[in-house]
Structure formats: structure tokens, C-alpha cells
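Trainee: Sharing coords-v8.pdb below, PDB, C-alpha atoms and all ligand atoms:
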ATOM      1  CA  MET A   1     -20.822  -3.560   9.484
ATOM      2  CA  ARG A   2     -21.520  -5.184   6.160
ATOM      3  CA  ASN A   3     -22.204  -8.884   5.765
ATOM      4  CA  ASP A   4     -23.138  -9.313   2.093
ATOM      5  CA  PRO A   5     -20.444 -10.112  -0.503
ATOM      6  CA  ILE A   6     -19.190  -7.284  -2.729
ATOM      7  CA  VAL A   7     -19.139  -8.337  -6.372
ATOM      8  CA  ASN A   8     -17.379  -5.518  -8.196
ATOM      9  CA  LEU A   9     -14.744  -2.857  -7.651
ATOM     10  CA  ASP A  10     -17.038   0.142  -8.209
ATOM     11  CA  GLU A  11     -19.309  -1.043  -5.408
ATOM     12  CA  LEU A  12     -16.312  -1.701  -3.163
ATOM     13  CA  HIS A  13     -14.889   1.785  -3.797
ATOM     14  CA  THR A  14     -18.263   3.366  -3.026
ATOM     15  CA  ARG A  15     -18.508   1.456   0.251
ATOM     16  CA  MET A  16     -14.965   2.364   1.227
ATOM     17  CA  ARG A  17     -15.537   6.073   0.551
ATOM     18  CA  LEU A  18     -18.744   6.029   2.604
ATOM     19  CA  CYS A  19     -17.149   4.030   5.446
ATOM     20  CA  ARG A  20     -16.907   5.748   8.839
ATOM     21  CA  LEU A  21     -16.141   2.697  11.001
ATOM     22  CA  CYS A  22     -13.016   4.254  12.519
ATOM     23  CA  VAL A  23     -14.797   7.534  13.225
ATOM     24  CA  ILE A  24     -17.612   5.664  14.969
ATOM     25  CA  ALA A  25     -14.983   3.751  16.981
ATOM     26  CA  ASP A  26     -13.550   7.153  17.991
ATOM     27  CA  PHE A  27     -10.241   6.906  16.140
ATOM     28  CA  ASN A  28      -8.772  10.139  14.848
ATOM     29  CA  VAL A  29      -9.077   9.565  11.104
ATOM     30  CA  THR A  30     -10.207  11.794   8.256
ATOM     31  CA  PRO A  31     -12.390  10.023   5.657
ATOM     32  CA  PRO A  32     -13.017   9.488   2.816
ATOM     33  CA  ALA A  33     -10.920   6.513   1.814
ATOM     34  CA  VAL A  34      -8.183   7.224  -0.722
ATOM     35  CA  VAL A  35      -7.785   4.397  -3.198
ATOM     36  CA  ALA A  36      -7.431   4.171  -6.983
ATOM     37  CA  GLY A  37      -7.143   1.510  -9.603
ATOM     38  CA  SER A  38      -8.475  -0.601 -12.368
ATOM     39  CA  PRO A  39     -10.127  -4.059 -12.089
ATOM     40  CA  GLY A  40      -7.752  -5.399 -14.760
ATOM     41  CA  ALA A  41      -4.623  -4.458 -12.817
ATOM     42  CA  LYS A  42      -1.802  -6.982 -12.711
ATOM     43  CA  ILE A  43       0.138  -5.044 -10.069
ATOM     44  CA  MET A  44      -1.145  -3.778  -6.716
ATOM     45  CA  THR A  45       0.783  -1.518  -4.357
ATOM     46  CA  ILE A  46      -0.217  -1.484  -0.686
ATOM     47  CA  GLY A  47       1.005   1.451   1.378
ATOM     48  CA  GLN A  48       0.470   2.229   5.068
ATOM     49  CA  ALA A  49      -2.268   4.894   4.928
ATOM     50  CA  PRO A  50      -2.828   8.069   2.918
ATOM     51  CA  GLY A  51      -1.211  11.344   3.941
ATOM     52  CA  ILE A  52      -2.876  14.741   3.824
ATOM     53  CA  THR A  53      -1.663  15.493   0.278
ATOM     54  CA  GLU A  54      -3.178  12.178  -0.852
ATOM     55  CA  VAL A  55      -6.501  13.199   0.695
ATOM     56  CA  GLU A  56      -6.364  16.610  -0.995
ATOM     57  CA  ALA A  57      -5.495  15.126  -4.395
ATOM     58  CA  GLY A  58      -7.733  12.060  -3.950
ATOM     59  CA  ARG A  59      -5.014   9.670  -5.090
ATOM     60  CA  PRO A  60      -2.475   7.431  -3.287
ATOM     61  CA  PHE A  61       1.250   8.238  -3.209
ATOM     62  CA  ASN A  62       0.672  11.764  -4.417
ATOM     63  CA  ALA A  63       3.540  13.742  -2.889
ATOM     64  CA  GLY A  64       7.206  13.087  -2.045
ATOM     65  CA  SER A  65       6.600   9.431  -1.216
ATOM     66  CA  GLY A  66       5.029   8.987  -4.660
ATOM     67  CA  GLN A  67       7.892  10.734  -6.422
ATOM     68  CA  ARG A  68      10.376   8.412  -4.719
ATOM     69  CA  LEU A  69       8.262   5.316  -5.368
ATOM     70  CA  PHE A  70       7.876   6.105  -9.066
ATOM     71  CA  LYS A  71      11.579   6.859  -9.331
ATOM     72  CA  TRP A  72      12.222   3.329  -8.064
ATOM     73  CA  LEU A  73       9.554   1.813 -10.332
ATOM     74  CA  ALA A  74      10.914   3.686 -13.361
ATOM     75  CA  GLU A  75      14.012   1.526 -13.017
ATOM     76  CA  ALA A  76      11.719  -1.468 -13.549
ATOM     77  CA  GLY A  77      10.380   0.142 -16.740
ATOM     78  CA  ILE A  78       7.169   1.286 -15.043
ATOM     79  CA  GLU A  79       5.935   4.744 -16.053
ATOM     80  CA  GLU A  80       3.826   6.673 -13.533
ATOM     81  CA  THR A  81       0.899   7.734 -15.740
ATOM     82  CA  TRP A  82       0.539   4.232 -17.167
ATOM     83  CA  PHE A  83       0.698   2.751 -13.678
ATOM     84  CA  ARG A  84      -1.841   5.145 -12.197
ATOM     85  CA  THR A  85      -4.345   4.609 -15.013
ATOM     86  CA  THR A  86      -4.064   0.843 -15.427
ATOM     87  CA  GLN A  87      -2.814  -0.651 -12.141
ATOM     88  CA  TYR A  88      -4.029  -0.557  -8.518
ATOM     89  CA  MET A  89      -2.903   1.469  -5.491
ATOM     90  CA  THR A  90      -4.269   1.011  -1.997
ATOM     91  CA  ALA A  91      -3.210   0.971   1.659
ATOM     92  CA  VAL A  92      -3.537  -1.052   4.856
ATOM     93  CA  THR A  93      -5.955   1.602   6.147
ATOM     94  CA  LYS A  94      -7.638   3.884   3.651
ATOM     95  CA  CYS A  95      -8.319   7.107   5.594
ATOM     96  CA  TYR A  96      -5.871   9.792   6.708
ATOM     97  CA  PRO A  97      -4.716   9.002  10.294
ATOM     98  CA  GLY A  98      -3.422  12.508  11.115
ATOM     99  CA  ARG A  99       0.025  13.500  12.330
ATOM    100  CA  ALA A 100       1.992  11.487  14.887
ATOM    101  CA  LYS A 101       2.161  13.084  18.334
ATOM    102  CA  SER A 102       5.955  12.851  18.096
ATOM    103  CA  GLY A 103       5.798  15.132  15.041
ATOM    104  CA  GLY A 104       7.819  12.611  13.003
ATOM    105  CA  GLY A 105       5.428  12.079  10.108
ATOM    106  CA  ASP A 106       1.905  10.672  10.063
ATOM    107  CA  ARG A 107       0.412   8.565  12.855
ATOM    108  CA  VAL A 108       0.745   4.813  12.357
ATOM    109  CA  PRO A 109      -2.769   3.322  12.324
ATOM    110  CA  SER A 110      -3.451   1.156  15.379
ATOM    111  CA  ARG A 111      -3.981  -2.604  15.206
ATOM    112  CA  ALA A 112      -7.684  -1.993  15.838
ATOM    113  CA  GLU A 113      -7.942   0.376  12.853
ATOM    114  CA  GLN A 114      -6.035  -2.097  10.696
ATOM    115  CA  ALA A 115      -8.489  -4.816  11.724
ATOM    116  CA  LEU A 116     -11.507  -2.625  10.932
ATOM    117  CA  CYS A 117     -10.153  -1.874   7.453
ATOM    118  CA  ARG A 118      -8.809  -5.348   6.663
ATOM    119  CA  PRO A 119     -11.988  -6.729   5.021
ATOM    120  CA  PHE A 120     -11.716  -3.979   2.391
ATOM    121  CA  LEU A 121      -8.149  -4.980   1.574
ATOM    122  CA  ASP A 122      -9.142  -8.641   1.362
ATOM    123  CA  ASP A 123     -11.947  -7.669  -1.045
ATOM    124  CA  GLU A 124      -9.560  -5.581  -3.152
ATOM    125  CA  ILE A 125      -7.118  -8.475  -3.488
ATOM    126  CA  ARG A 126      -9.977 -10.901  -4.261
ATOM    127  CA  LEU A 127     -11.589  -8.672  -6.902
ATOM    128  CA  VAL A 128      -8.408  -7.396  -8.593
ATOM    129  CA  ASN A 129      -6.481 -10.692  -8.224
ATOM    130  CA  PRO A 130      -3.112  -9.105  -9.066
ATOM    131  CA  ALA A 131      -0.195 -11.248 -10.221
ATOM    132  CA  LEU A 132       2.193  -9.037  -8.257
ATOM    133  CA  ILE A 133       1.631  -7.286  -4.923
ATOM    134  CA  ILE A 134       4.133  -4.672  -3.745
ATOM    135  CA  PRO A 135       3.682  -4.007  -0.014
ATOM    136  CA  ILE A 136       5.388  -0.700   0.794
ATOM    137  CA  GLY A 137       6.585  -0.109   4.339
ATOM    138  CA  LYS A 138       6.536  -2.180   7.507
ATOM    139  CA  LEU A 139       2.803  -2.193   8.106
ATOM    140  CA  ALA A 140       1.997  -3.504   4.629
ATOM    141  CA  ILE A 141       4.952  -5.911   4.610
ATOM    142  CA  GLU A 142       3.694  -7.489   7.854
ATOM    143  CA  LEU A 143       0.555  -8.575   5.994
ATOM    144  CA  PHE A 144       2.741 -11.169   4.255
ATOM    145  CA  TYR A 145       5.772 -11.687   6.525
ATOM    146  CA  PRO A 146       6.190 -12.436  10.244
ATOM    147  CA  LYS A 147       6.188  -9.353  12.456
ATOM    148  CA  GLY A 148       9.576  -8.111  13.596
ATOM    149  CA  LEU A 149      11.621  -9.383  10.632
ATOM    150  CA  LYS A 150      14.301  -6.860   9.691
ATOM    151  CA  LEU A 151      13.770  -5.072   6.381
ATOM    152  CA  THR A 152      17.343  -5.974   5.432
ATOM    153  CA  LYS A 153      16.235  -9.657   5.426
ATOM    154  CA  ILE A 154      13.140  -8.997   3.305
ATOM    155  CA  ILE A 155      13.792  -6.205   0.797
ATOM    156  CA  GLY A 156      15.268  -7.689  -2.381
ATOM    157  CA  THR A 157      13.433 -11.013  -1.955
ATOM    158  CA  GLU A 158      10.152 -12.309  -3.342
ATOM    159  CA  LYS A 159       7.691 -15.030  -2.368
ATOM    160  CA  LEU A 160       4.449 -16.535  -3.605
ATOM    161  CA  VAL A 161       1.400 -16.115  -1.341
ATOM    162  CA  ASN A 162      -1.975 -17.505  -2.404
ATOM    163  CA  GLY A 163      -1.026 -17.198  -6.061
ATOM    164  CA  HIS A 164       0.307 -13.616  -5.793
ATOM    165  CA  TRP A 165       3.995 -12.769  -6.096
ATOM    166  CA  ILE A 166       5.003 -10.520  -3.218
ATOM    167  CA  VAL A 167       7.918  -8.095  -3.706
ATOM    168  CA  PRO A 168       8.231  -5.723  -0.727
ATOM    169  CA  LEU A 169       9.648  -2.215  -0.791
ATOM    170  CA  PRO A 170      10.502   0.086   2.130
ATOM    171  CA  HIS A 171       8.364   3.075   3.049
ATOM    172  CA  SER A 172       9.163   5.703   0.424
ATOM    173  CA  SER A 173       8.337   8.800   2.484
ATOM    174  CA  GLY A 174      10.941  11.414   3.337
ATOM    175  CA  ALA A 175      10.308  10.652   7.038
ATOM    176  CA  SER A 176      11.756   7.163   6.545
ATOM    177  CA  ARG A 177      15.526   6.939   6.950
ATOM    178  CA  TRP A 178      15.873   3.302   5.848
ATOM    179  CA  HIS A 179      15.970   3.995   2.113
ATOM    180  CA  GLN A 180      18.536   6.750   2.629
ATOM    181  CA  ILE A 181      21.242   4.309   3.797
ATOM    182  CA  ALA A 182      23.636   3.410   0.964
ATOM    183  CA  GLU A 183      23.661  -0.394   1.567
ATOM    184  CA  ASN A 184      19.879  -0.420   1.700
ATOM    185  CA  ARG A 185      19.662   1.271  -1.687
ATOM    186  CA  GLU A 186      21.343  -1.818  -3.155
ATOM    187  CA  LEU A 187      18.546  -3.955  -1.670
ATOM    188  CA  ILE A 188      15.973  -1.624  -3.214
ATOM    189  CA  GLN A 189      17.662  -2.100  -6.584
ATOM    190  CA  LEU A 190      17.360  -5.867  -6.131
ATOM    191  CA  ALA A 191      13.664  -5.470  -5.315
ATOM    192  CA  VAL A 192      13.119  -3.272  -8.357
ATOM    193  CA  ALA A 193      14.815  -5.907 -10.534
ATOM    194  CA  LEU A 194      12.367  -8.484  -9.127
ATOM    195  CA  VAL A 195       9.435  -6.189  -9.951
ATOM    196  CA  SER A 196      10.776  -5.845 -13.494
ATOM    197  CA  TYR A 197      11.167  -9.629 -13.824
ATOM    198  CA  THR A 198       7.877 -10.603 -12.185
ATOM    199  CA  ARG A 199       5.433  -8.111 -13.710
TER     200      ARG A 199
HETATM  201  S1  LIG B   1      -9.716   3.534   7.593
HETATM  202 FE1  LIG B   1     -10.922   1.911   6.597
HETATM  203  S2  LIG B   1     -12.287   1.072   8.214
HETATM  204 FE2  LIG B   1     -11.479   3.064   8.926
HETATM  205  S3  LIG B   1     -13.083   4.560   8.310
HETATM  206 FE3  LIG B   1     -11.534   4.531   6.665
HETATM  207  S4  LIG B   1     -12.300   3.000   5.181
HETATM  208 FE4  LIG B   1     -13.420   2.686   7.119
END
Show me the file's structure as C-alpha cells.
Ligand code: SF4
Mentor:
Amino acid sequence: MRNDPIVNLDELHTRMRLCRLCVIADFNVTPPAVVAGSPGAKIMTIGQAPGITEVEAGRPFNAGSGQRLFKWLAEAGIEETWFRTTQYMTAVTKCYPGRAKSGGGDRVPSRAEQALCRPFLDDEIRLVNPALIIPIGKLAIELFYPKGLKLTKIIGTEKLVNGHWIVPLPHSSGASRWHQIAENRELIQLAVALVSYTR
């Protein structure tokens, strides 16, 4: 466990990629951490955790979830290559958590894993200091909103937290059914309009 302050993003990324805290604690994760971004980013996305295609490619939101996310963001005038090279993409936990036993997508990282990884996320937010944070999916949204709130009450709204505008989006993976419901797509459009306005 580290106890000295991290002063720049390169050092933080190195420490994250070398981190094995969850492995040592006997959680079924596959390091290294998958995270990407620039210190000058004004926008930060926070997903749940990387999937296997993200690990293979070494970049967040690489596969179907990324295609859907960037389709949404395109409506806010955000182009994928520009975003990936100038903005910041991270997750609640940074290492691949493996498949869920139910077979319905990837395993949701436990509260204990989230707690182990949380100091890295706090350091990312401190060092990047983004104007806009987009938490994607329930786990990331619950960093900024009370647990148990329905997505229908949250998606399409924004709020200011410690100087960062928060505009949540639903999980963009194909395993999520929420974004496939017609009424919910209207809420996503509202959220995308907020991203466009706030960024
Ligand atoms: S998920 Fe986070 S705390 Fe756990 S091993 Fe990976 S980087 Fe470390």
C-alpha cells in the first residue's frame, strides 16, 4: 500500500499498471490496469471495469460498449479519435474482473475491490481536474449519487460536485438492456445534450 502523494499522471499510470492489490487479496482479476488519457483533459469518463477486449487492446471502451458510447457522444459533437487522444477514460476498478458466474456479461467488482482501487480514481480526478465527469453505468454513477436511485431519475440530469459537472450515462454494453428501451433513449438524448452544453 502506498502512502506518499503522487504528483503526476505518468507516475500514477505506472503505479496502476504495476498494482496487484486485488490479486494479493485473492480476488479474481486480471491486471494490468486499463486506463488512458491526457493530463489536460477537460472531460473524464468513468466506466465500471475493463472487459477482455479492453485488456487485449490496452484501451478503455474498446469494443461494442465503446461503439455505442461514441455513437452517443457523436451527437454531442465529440469525435472518437479526438476524444481518445485528448481526453481521459478510466473506470471504478481498473483491472479485468472476469466473467460473471451467471454468464450475463462481466463480473461486477465487489465493494472490497472498489475500495482497494478508489485511491487511484481519487488521484486521477485530482490530477486531471476535469470540468466534466461522465460516470457510465450504475457502479460509476453511485460514486456521485445515492445508492439505489433509479436511472430514470438520474439520466438526463446534471449536478456540480466539488467543482466538476457530473452528467451520468447508462452502461453502454450490449449486456445492458436499459439503453435499449425506447423511453430511456430519450433520457440518453437529454444527457448527450447536457454533455454538449457543458463541455
Ligand atoms: S483493480 Fe485497481 S486495486 Fe485492484 S489490482 Fe487492479 S489497479 Fe490494483
Trainee: Give me, as a Markdown table, the closest atom pair and its distance (Å, one decimal) for every residue of chain A within a cut-off of 10 Å of ligand LIG 1 (chain B), counting all atoms listed in the file, rows sorted by chain and rising number.
Mentor:
| residue | atom | partner | partner_atom | distance |
| --- | --- | --- | --- | --- |
| A:Met1 | CA | B:LIG1 | S2 | 9.8 |
| A:His13 | CA | B:LIG1 | S4 | 9.4 |
| A:Arg15 | CA | B:LIG1 | S4 | 8.1 |
| A:Met16 | CA | B:LIG1 | S4 | 4.8 |
| A:Arg17 | CA | B:LIG1 | S4 | 6.4 |
| A:Leu18 | CA | B:LIG1 | S4 | 7.6 |
| A:Cys19 | CA | B:LIG1 | FE4 | 4.3 |
| A:Arg20 | CA | B:LIG1 | S3 | 4.0 |
| A:Leu21 | CA | B:LIG1 | S3 | 4.5 |
| A:Cys22 | CA | B:LIG1 | FE2 | 4.1 |
| A:Val23 | CA | B:LIG1 | S3 | 6.0 |
| A:Ile24 | CA | B:LIG1 | S3 | 8.1 |
| A:Ala25 | CA | B:LIG1 | FE2 | 8.8 |
| A:Phe27 | CA | B:LIG1 | FE2 | 8.3 |
| A:Asn28 | CA | B:LIG1 | FE2 | 9.6 |
| A:Val29 | CA | B:LIG1 | S3 | 7.0 |
| A:Thr30 | CA | B:LIG1 | FE3 | 7.6 |
| A:Pro31 | CA | B:LIG1 | FE3 | 5.6 |
| A:Pro32 | CA | B:LIG1 | FE3 | 6.4 |
| A:Ala33 | CA | B:LIG1 | S4 | 5.1 |
| A:Val34 | CA | B:LIG1 | S4 | 8.3 |
| A:Val35 | CA | B:LIG1 | S4 | 9.6 |
| A:Ala49 | CA | B:LIG1 | S1 | 8.0 |
| A:Pro50 | CA | B:LIG1 | S1 | 9.5 |
| A:Ala91 | CA | B:LIG1 | S1 | 9.2 |
| A:Val92 | CA | B:LIG1 | FE1 | 8.1 |
| A:Thr93 | CA | B:LIG1 | S1 | 4.5 |
| A:Lys94 | CA | B:LIG1 | S1 | 4.5 |
| A:Cys95 | CA | B:LIG1 | FE3 | 4.3 |
| A:Tyr96 | CA | B:LIG1 | S1 | 7.4 |
| A:Pro97 | CA | B:LIG1 | S1 | 7.9 |
| A:Pro109 | CA | B:LIG1 | S1 | 8.4 |
| A:Ala112 | CA | B:LIG1 | FE2 | 9.4 |
| A:Glu113 | CA | B:LIG1 | FE2 | 5.9 |
| A:Gln114 | CA | B:LIG1 | S1 | 7.4 |
| A:Ala115 | CA | B:LIG1 | S2 | 7.8 |
| A:Leu116 | CA | B:LIG1 | S2 | 4.7 |
| A:Cys117 | CA | B:LIG1 | S2 | 3.7 |
| A:Arg118 | CA | B:LIG1 | S2 | 7.5 |
| A:Pro119 | CA | B:LIG1 | S2 | 8.4 |
| A:Phe120 | CA | B:LIG1 | FE1 | 7.3 |
| A:Leu121 | CA | B:LIG1 | FE1 | 9.0 |
Trainee: Around segment 163-169 of chain A, fit a box with edges along x, y and z, padding it by 6 Å on each side, then list its centre and edge lengths in Å to one decimal as AutoDock Vina command-line options.
Mentor:
--center_x 4.3 --center_y -9.7 --center_z -3.4 --size_x 22.7 --size_y 27.0 --size_z 17.4
Trainee: For each of A:Pro5, A:Gly77, A:Pro130, A:Gly104, take the minimum atom-to-atom distance to Val192 of chain A, counting only C-alpha atoms, then give the residue where this is smallest.
Mentor: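 Answer, going by the shortest atom-to-atom distance: A:Gly77.
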Trainee: Distance atom CA of Tyr88 of chain A-atom CA of Ala182 of chain A, one decimal place?
Mentor: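 So the two atoms, atom CA of Tyr88 of chain A and atom CA of Ala182 of chain A, lie 29.5 Å apart.
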Trainee: For the provided coordinates, the residues matched by the PyMOL selection byres (((chain A and resi 154-166) around 9) and not hetatm) should be stated as a PyMOL selection string.
Mentor: chain A and resi 129-135+141+144-145+149-153+167-170+184+186-194+198
Trainee: Rounded to one decimal place, report the atom CA of Leu69 of chain A-atom CA of Asn8 of chain A distance in Å.
Mentor: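 Going from atom CA of Leu69 of chain A over to atom CA of Asn8 of chain A covers 28.0 Å.
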Trainee: Restricting the calculation to all atoms listed in the file, which member of A:Gly66, A:Thr86, A:Ile181, A:Glu80 is positioned closest to Thr53 of chain A?
Mentor: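 Smallest separation from Thr53 of chain A among the options: A:Gly66.
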Trainee: Given all atoms listed in the file as the basis, pick out the residue of A:Glu56, A:Glu79, A:Glu124, A:Glu142 nearest to Ser196 of chain A.
Mentor: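 Of the candidates, the smallest distance to Ser196 of chain A is held by A:Glu79.
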Trainee: Counting only C-alpha atoms, what is within 7 Å of Ser173 of chain A, bar same-chain residues fewer than 3 positions away, as a ChimeraX atom specification?
Mentor: /A:64-65,176
Trainee: Smallest atom-to-atom distance to Ile78 of chain A: which of A:Asp10, A:Ile43, A:Leu139, A:Arg185, using only C-alpha atoms?
Mentor: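 Among A:Asp10, A:Ile43, A:Leu139, A:Arg185, it is A:Ile43 that comes nearest to Ile78 of chain A.
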Trainee: Rounded to one decimal place, report the atom CA of Pro39 of chain A-atom CA of Val128 of chain A distance in Å.
Mentor: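 Interatomic distance, atom CA of Pro39 of chain A to atom CA of Val128 of chain A: 5.1 Å.
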Trainee: Missing atoms in segment 157-182 of chain A need filling: write out N, CA, C and O atoms for it as a CSV table (one decimal), in the frame of the given file.
Mentor:
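Just written: rebuild23.csv:
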chain,number,residue,atom,x,y,z
A,157,THR,N,13.9,-9.6,-1.8
A,157,THR,CA,13.4,-11.0,-2.0
A,157,THR,C,12.0,-11.0,-2.5
A,157,THR,O,11.3,-10.0,-2.5
A,158,GLU,N,11.5,-12.2,-2.9
A,158,GLU,CA,10.2,-12.3,-3.3
A,158,GLU,C,9.6,-13.6,-2.8
A,158,GLU,O,10.4,-14.5,-2.5
A,159,LYS,N,8.3,-13.7,-2.7
A,159,LYS,CA,7.7,-15.0,-2.4
A,159,LYS,C,6.3,-15.1,-2.9
A,159,LYS,O,5.7,-14.0,-3.2
A,160,LEU,N,5.8,-16.3,-3.1
A,160,LEU,CA,4.4,-16.5,-3.6
A,160,LEU,C,3.5,-16.7,-2.4
A,160,LEU,O,3.7,-17.6,-1.6
A,161,VAL,N,2.4,-16.0,-2.4
A,161,VAL,CA,1.4,-16.1,-1.3
A,161,VAL,C,0.0,-16.2,-2.0
A,161,VAL,O,-0.4,-15.2,-2.7
A,162,ASN,N,-0.6,-17.3,-1.8
A,162,ASN,CA,-2.0,-17.5,-2.4
A,162,ASN,C,-2.1,-17.1,-3.9
A,162,ASN,O,-3.0,-16.5,-4.3
A,163,GLY,N,-1.0,-17.5,-4.6
A,163,GLY,CA,-1.0,-17.2,-6.1
A,163,GLY,C,-0.6,-15.8,-6.5
A,163,GLY,O,-0.6,-15.5,-7.6
A,164,HIS,N,-0.2,-15.0,-5.5
A,164,HIS,CA,0.3,-13.6,-5.8
A,164,HIS,C,1.8,-13.6,-5.5
A,164,HIS,O,2.2,-13.9,-4.4
A,165,TRP,N,2.6,-13.0,-6.4
A,165,TRP,CA,4.0,-12.8,-6.1
A,165,TRP,C,4.1,-11.5,-5.2
A,165,TRP,O,3.4,-10.5,-5.5
A,166,ILE,N,4.8,-11.6,-4.2
A,166,ILE,CA,5.0,-10.5,-3.2
A,166,ILE,C,6.4,-10.0,-3.3
A,166,ILE,O,7.4,-10.8,-3.1
A,167,VAL,N,6.6,-8.7,-3.7
A,167,VAL,CA,7.9,-8.1,-3.7
A,167,VAL,C,7.9,-6.8,-2.8
A,167,VAL,O,7.3,-5.8,-3.3
A,168,PRO,N,8.4,-6.9,-1.6
A,168,PRO,CA,8.2,-5.7,-0.7
A,168,PRO,C,9.2,-4.6,-1.0
A,168,PRO,O,10.3,-4.9,-1.5
A,169,LEU,N,8.8,-3.4,-0.7
A,169,LEU,CA,9.6,-2.2,-0.8
A,169,LEU,C,9.6,-1.5,0.5
A,169,LEU,O,8.6,-1.6,1.3
A,170,PRO,N,10.6,-0.7,0.9
A,170,PRO,CA,10.5,0.1,2.1
A,170,PRO,C,9.6,1.3,2.0
A,170,PRO,O,9.2,1.6,0.8
A,171,HIS,N,9.2,1.9,3.1
A,171,HIS,CA,8.4,3.1,3.0
A,171,HIS,C,9.1,4.1,2.3
A,171,HIS,O,10.3,4.3,2.5
A,172,SER,N,8.5,4.8,1.3
A,172,SER,CA,9.2,5.7,0.4
A,172,SER,C,9.0,7.2,0.9
A,172,SER,O,9.4,8.0,0.1
A,173,SER,N,8.5,7.4,2.1
A,173,SER,CA,8.3,8.8,2.5
A,173,SER,C,9.7,9.4,2.9
A,173,SER,O,10.6,8.7,3.3
A,174,GLY,N,9.7,10.7,2.9
A,174,GLY,CA,10.9,11.4,3.3
A,174,GLY,C,11.2,11.2,4.8
A,174,GLY,O,12.3,11.4,5.3
A,175,ALA,N,10.1,10.9,5.6
A,175,ALA,CA,10.3,10.7,7.0
A,175,ALA,C,11.0,9.3,7.3
A,175,ALA,O,11.5,9.1,8.4
A,176,SER,N,11.1,8.4,6.3
A,176,SER,CA,11.8,7.2,6.5
A,176,SER,C,13.2,7.3,6.3
A,176,SER,O,13.6,7.9,5.2
A,177,ARG,N,14.1,6.8,7.1
A,177,ARG,CA,15.5,6.9,7.0
A,177,ARG,C,16.1,5.7,6.3
A,177,ARG,O,17.2,5.7,5.8
A,178,TRP,N,15.3,4.6,6.3
A,178,TRP,CA,15.9,3.3,5.8
A,178,TRP,C,16.4,3.4,4.4
A,178,TRP,O,17.5,2.9,4.1
A,179,HIS,N,15.6,4.0,3.5
A,179,HIS,CA,16.0,4.0,2.1
A,179,HIS,C,17.1,5.0,1.8
A,179,HIS,O,17.6,5.1,0.7
A,180,GLN,N,17.5,5.8,2.8
A,180,GLN,CA,18.5,6.8,2.6
A,180,GLN,C,19.9,6.2,2.9
A,180,GLN,O,20.9,6.8,2.7
A,181,ILE,N,20.0,5.0,3.5
A,181,ILE,CA,21.2,4.3,3.8
A,181,ILE,C,21.8,3.6,2.5
A,181,ILE,O,21.1,2.9,1.9
A,182,ALA,N,23.1,3.9,2.2
A,182,ALA,CA,23.6,3.4,1.0
A,182,ALA,C,23.5,1.9,0.7
A,182,ALA,O,23.0,1.5,-0.3
